[in-house]
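Shown next, in structure tokens, is the structure this report addresses.
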Amino acid sequence: MNATAPEQAAPATRKSTARRGPRWRRVTLRVALGLVLLVLVPVVAAGSALRASYAGAPADDAVTRGKDALWLGHAWLDGRKNDADLARLRRKVAGTGIHDLYVHAGPLEHDGTLPAPAYRNAGWLLAAVHRELPGVRVQAWLGDKLVRQGEGGGLWLGSPAARDAVVASARQVMRAGFQGVHLDVEPVRTGDRDFLTLLDSLRPAVRSEGGPLSVAAQQIDPLPSMHSASGALGSPKWWTQSYFGDVARRVDQIAVMSYDTALPWENLYGGYVAQQTRLALQATPAGTDLLMGVPFYHTDNLGHQSRAETAAAAVRGARLGLGREDRHRRNFGLALYVDFAATDADWHAYRAGWGARG
């Protein structure tokens, strides 16, 4: 082999490469730009739609119907709260539309049972609320982390024994004096038939004891098949609107956890709540109370930006969605999460934006 051949061929090769280089870079840039646009255009379009949903003025009659709720932490049932705390709660709740208190009485054991010591101060709380807040119901908030068959560290609803135990736990707290059961088990994947089977047994059991069955619900697909995309990434974030309706028809009250959206700006979040409100109204029977969640907490992480997910934006978004979809619906309210993290500004946003009990 001629040792000089590569050296002789080098200038021609470099010339050819010089000619091809800029074109290759142009093609690469065009492909990269196309990929960016492929992702960016839908995102920009979705952002524009959410901003548009947040535009305009809420209807004057989109105000409290006296169907609102407040989630309360476990400190109310384990001895940490006292009469002075209840007096402060009364001052915050008085005159508002709050009708239900979801008091954390669990968590459930992974087999669905509930140890009675978990709610040992229930007698004091129930008597005090009935005295200080007449007309306000106290519901037992029960929940646990859901797991799939074969996984540990949670509740598997595929087990008939576990479902029966959850029903027995609901009867147990009702007989202890609670006026309803609020079930919050997560994550429920869209289409989960075991969850529906549980509700089919749970509702008549709670009703037979004289109270309503309430559930915490996940958000509805903001885009077609969004649940499939999030599920593929390991986050069962959304339900289809159809599945949301399946759940809503099996309960007396459904509270949408319309927070932890990862949205970066307040107007996007408010528009998202307006959109969620409309979708939920479309899927919820008129006889079921629909409550939209309002963030009364200020954690900052990948899923929640407190500067964006404000109580004021959630209240305004819910009002906008209500006014556009079903402004005269009476079985509608807001659910405030959660008492122990709420600020005076949160309470002011709720009172000022949603109004007083009529």
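Chain labels A, B, ... are given in the sequence in which chains occur in the structure tokens; within each chain residues are numbered consecutively from 1, and ligands are likewise numbered from 1 in the order shown.
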*Would you list the contacts of segment 247-262 of chain A as a PyMOL selection string, taking every protein, DNA or RNA residue within 7 Å and counting only C-alpha atoms, but skipping same-chain residues closer than 4 positions in sequence?*
chain A and resi 196+199-200+203+212-219+243+273+284-285+288-295+302-305+309+335
Go through segment 195-228 of chain A and collect every residue that DSSP, computed from the backbone, puts in strand (DSSP E); the answer should be as a PDB file with all heavy atoms, in the first residue's frame.
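Just written: part35.pdb:
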```pdb
ATOM      1  N   LEU A 213     -71.430   9.650  51.889  1.00  0.00           N
ATOM      2  CA  LEU A 213     -70.100   9.190  51.486  1.00  0.00           C
ATOM      3  C   LEU A 213     -69.482  10.237  50.575  1.00  0.00           C
ATOM      4  O   LEU A 213     -70.079  10.633  49.569  1.00  0.00           O
ATOM      5  CB  LEU A 213     -70.174   7.856  50.744  1.00  0.00           C
ATOM      6  CG  LEU A 213     -68.843   7.382  50.138  1.00  0.00           C
ATOM      7  CD1 LEU A 213     -67.799   7.137  51.222  1.00  0.00           C
ATOM      8  CD2 LEU A 213     -69.041   6.124  49.286  1.00  0.00           C
ATOM      9  N   SER A 214     -68.298  10.679  50.959  1.00  0.00           N
ATOM     10  CA  SER A 214     -67.544  11.662  50.185  1.00  0.00           C
ATOM     11  C   SER A 214     -66.233  11.027  49.739  1.00  0.00           C
ATOM     12  O   SER A 214     -65.683  10.172  50.433  1.00  0.00           O
ATOM     13  CB  SER A 214     -67.271  12.892  51.061  1.00  0.00           C
ATOM     14  OG  SER A 214     -66.353  13.771  50.461  1.00  0.00           O
ATOM     15  N   VAL A 215     -65.732  11.444  48.568  1.00  0.00           N
ATOM     16  CA  VAL A 215     -64.423  10.956  48.111  1.00  0.00           C
ATOM     17  C   VAL A 215     -63.576  12.109  47.608  1.00  0.00           C
ATOM     18  O   VAL A 215     -64.097  13.112  47.098  1.00  0.00           O
ATOM     19  CB  VAL A 215     -64.530   9.894  46.981  1.00  0.00           C
ATOM     20  CG1 VAL A 215     -65.209   8.642  47.468  1.00  0.00           C
ATOM     21  CG2 VAL A 215     -65.217  10.463  45.758  1.00  0.00           C
ATOM     22  N   ALA A 216     -62.267  11.960  47.756  1.00  0.00           N
ATOM     23  CA  ALA A 216     -61.311  12.859  47.126  1.00  0.00           C
ATOM     24  C   ALA A 216     -60.996  12.297  45.746  1.00  0.00           C
ATOM     25  O   ALA A 216     -60.686  11.111  45.614  1.00  0.00           O
ATOM     26  CB  ALA A 216     -60.047  12.964  47.964  1.00  0.00           C
ATOM     27  N   ALA A 217     -61.110  13.134  44.728  1.00  0.00           N
ATOM     28  CA  ALA A 217     -60.971  12.672  43.342  1.00  0.00           C
ATOM     29  C   ALA A 217     -59.762  13.302  42.668  1.00  0.00           C
ATOM     30  O   ALA A 217     -59.399  14.452  42.951  1.00  0.00           O
ATOM     31  CB  ALA A 217     -62.234  13.006  42.551  1.00  0.00           C
ATOM     32  N   GLN A 219     -57.718  14.682  39.228  1.00  0.00           N
ATOM     33  CA  GLN A 219     -58.112  15.619  38.184  1.00  0.00           C
ATOM     34  C   GLN A 219     -58.520  14.888  36.908  1.00  0.00           C
ATOM     35  O   GLN A 219     -58.196  13.720  36.711  1.00  0.00           O
ATOM     36  CB  GLN A 219     -56.950  16.579  37.913  1.00  0.00           C
ATOM     37  CG  GLN A 219     -56.577  17.430  39.124  1.00  0.00           C
ATOM     38  CD  GLN A 219     -55.156  17.926  39.088  1.00  0.00           C
ATOM     39  OE1 GLN A 219     -54.570  18.157  38.032  1.00  0.00           O
ATOM     40  NE2 GLN A 219     -54.559  18.094  40.261  1.00  0.00           N
ATOM     41  N   ILE A 220     -59.237  15.591  36.050  1.00  0.00           N
ATOM     42  CA  ILE A 220     -59.741  15.040  34.797  1.00  0.00           C
ATOM     43  C   ILE A 220     -58.777  15.382  33.670  1.00  0.00           C
ATOM     44  O   ILE A 220     -58.193  16.472  33.644  1.00  0.00           O
ATOM     45  CB  ILE A 220     -61.140  15.605  34.488  1.00  0.00           C
ATOM     46  CG1 ILE A 220     -62.118  15.244  35.620  1.00  0.00           C
ATOM     47  CG2 ILE A 220     -61.668  15.094  33.163  1.00  0.00           C
ATOM     48  CD1 ILE A 220     -63.472  15.914  35.496  1.00  0.00           C
TER      49      ILE A 220
END
```
*Between A:Ala165, A:Ala286, A:Leu108, A:Val129, which one has atoms that come closest to Val93 of chain A, using only C-alpha atoms?*
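Answer, going by the shortest atom-to-atom distance: A:Val129.
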*Fewer than 4 positions away in the same chain doesn't count, so skip those; otherwise give me all residues within 9 Å of Glu209 of chain A, counting only C-alpha atoms, as a list in words.*
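Residues near the query, excluding close chain neighbours: Arg171, Met174, Arg175, Gln179, Gly180, Pro204 and Ala205 of chain A.
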Restricted to all heavy atoms, what would the selected residues look like written as a compact mmCIF listing (two decimals), in the first residue's frame?
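Written out: selection.txt:
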```txt
# COMPACT_ATOMS: atom_id res chain seq x y z
N ARG A 171 -68.26 1.95 58.95
CA ARG A 171 -69.34 1.76 59.92
C ARG A 171 -68.86 2.10 61.33
O ARG A 171 -69.58 2.69 62.15
CB ARG A 171 -69.83 0.32 59.88
CG ARG A 171 -70.60 -0.07 58.61
CD ARG A 171 -71.15 -1.48 58.76
NE ARG A 171 -71.83 -1.95 57.56
CZ ARG A 171 -73.10 -1.68 57.26
NH1 ARG A 171 -73.83 -0.93 58.08
NH2 ARG A 171 -73.64 -2.16 56.15
N MET A 174 -68.73 5.86 61.90
CA MET A 174 -70.09 6.40 61.96
C MET A 174 -70.73 6.10 63.31
O MET A 174 -71.39 6.95 63.90
CB MET A 174 -70.93 5.82 60.82
CG MET A 174 -70.53 6.28 59.43
SD MET A 174 -70.76 8.06 59.19
CE MET A 174 -72.55 8.20 59.31
N ARG A 175 -70.50 4.92 63.81
CA ARG A 175 -71.07 4.55 65.12
C ARG A 175 -70.37 5.26 66.27
O ARG A 175 -70.91 5.34 67.39
CB ARG A 175 -71.02 3.03 65.28
CG ARG A 175 -72.00 2.33 64.35
CD ARG A 175 -71.82 0.84 64.28
NE ARG A 175 -72.76 0.26 63.31
CZ ARG A 175 -72.76 -1.01 62.91
NH1 ARG A 175 -71.85 -1.85 63.40
NH2 ARG A 175 -73.64 -1.43 62.02
N GLN A 179 -70.44 12.11 61.26
CA GLN A 179 -71.66 12.32 60.47
C GLN A 179 -71.48 12.01 58.99
O GLN A 179 -72.37 12.31 58.19
CB GLN A 179 -72.12 13.77 60.64
CG GLN A 179 -72.50 14.10 62.07
CD GLN A 179 -72.59 15.58 62.29
OE1 GLN A 179 -71.59 16.29 62.31
NE2 GLN A 179 -73.82 16.07 62.44
N GLY A 180 -70.39 11.43 58.63
CA GLY A 180 -70.13 11.05 57.25
C GLY A 180 -68.73 10.48 57.15
O GLY A 180 -67.94 10.53 58.11
N PRO A 204 -73.86 2.46 50.51
CA PRO A 204 -75.03 2.04 51.30
C PRO A 204 -74.71 1.80 52.77
O PRO A 204 -75.55 2.02 53.64
CB PRO A 204 -75.48 0.75 50.60
CG PRO A 204 -74.34 0.30 49.76
CD PRO A 204 -73.59 1.54 49.39
N ALA A 205 -73.47 1.37 53.05
CA ALA A 205 -73.09 1.15 54.45
C ALA A 205 -73.07 2.47 55.22
O ALA A 205 -73.58 2.55 56.35
CB ALA A 205 -71.72 0.49 54.52
```
*Using only C-alpha atoms, which residues sit within 10 Å of Leu89 of chain A once same-chain residues fewer than 3 positions away are excluded, as a ChimeraX atom specification?*
/A:83-86,92-94,129,132-133,339
*Have a look at A:Ala75, A:Leu320, A:Ile98, A:Leu281 and name the one nearest to Ser53 of chain A; count only C-alpha atoms.*
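When distances to Ser53 of chain A are compared using only C-alpha atoms, the smallest one comes from A:Leu320.
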*asked:* Residues of segment 61-268 of chain A classed as alpha helix (DSSP H) by DSSP on the backbone are to be reported as a count of residues only.
replied: 72
*Tell me, as an MDAnalysis selection string, which residues lie within 9 Å of His110 of chain A, counting only C-alpha atoms; anything in the same chain fewer than 6 positions away does not count.*
chainID A and resid 144:146 152:156 162
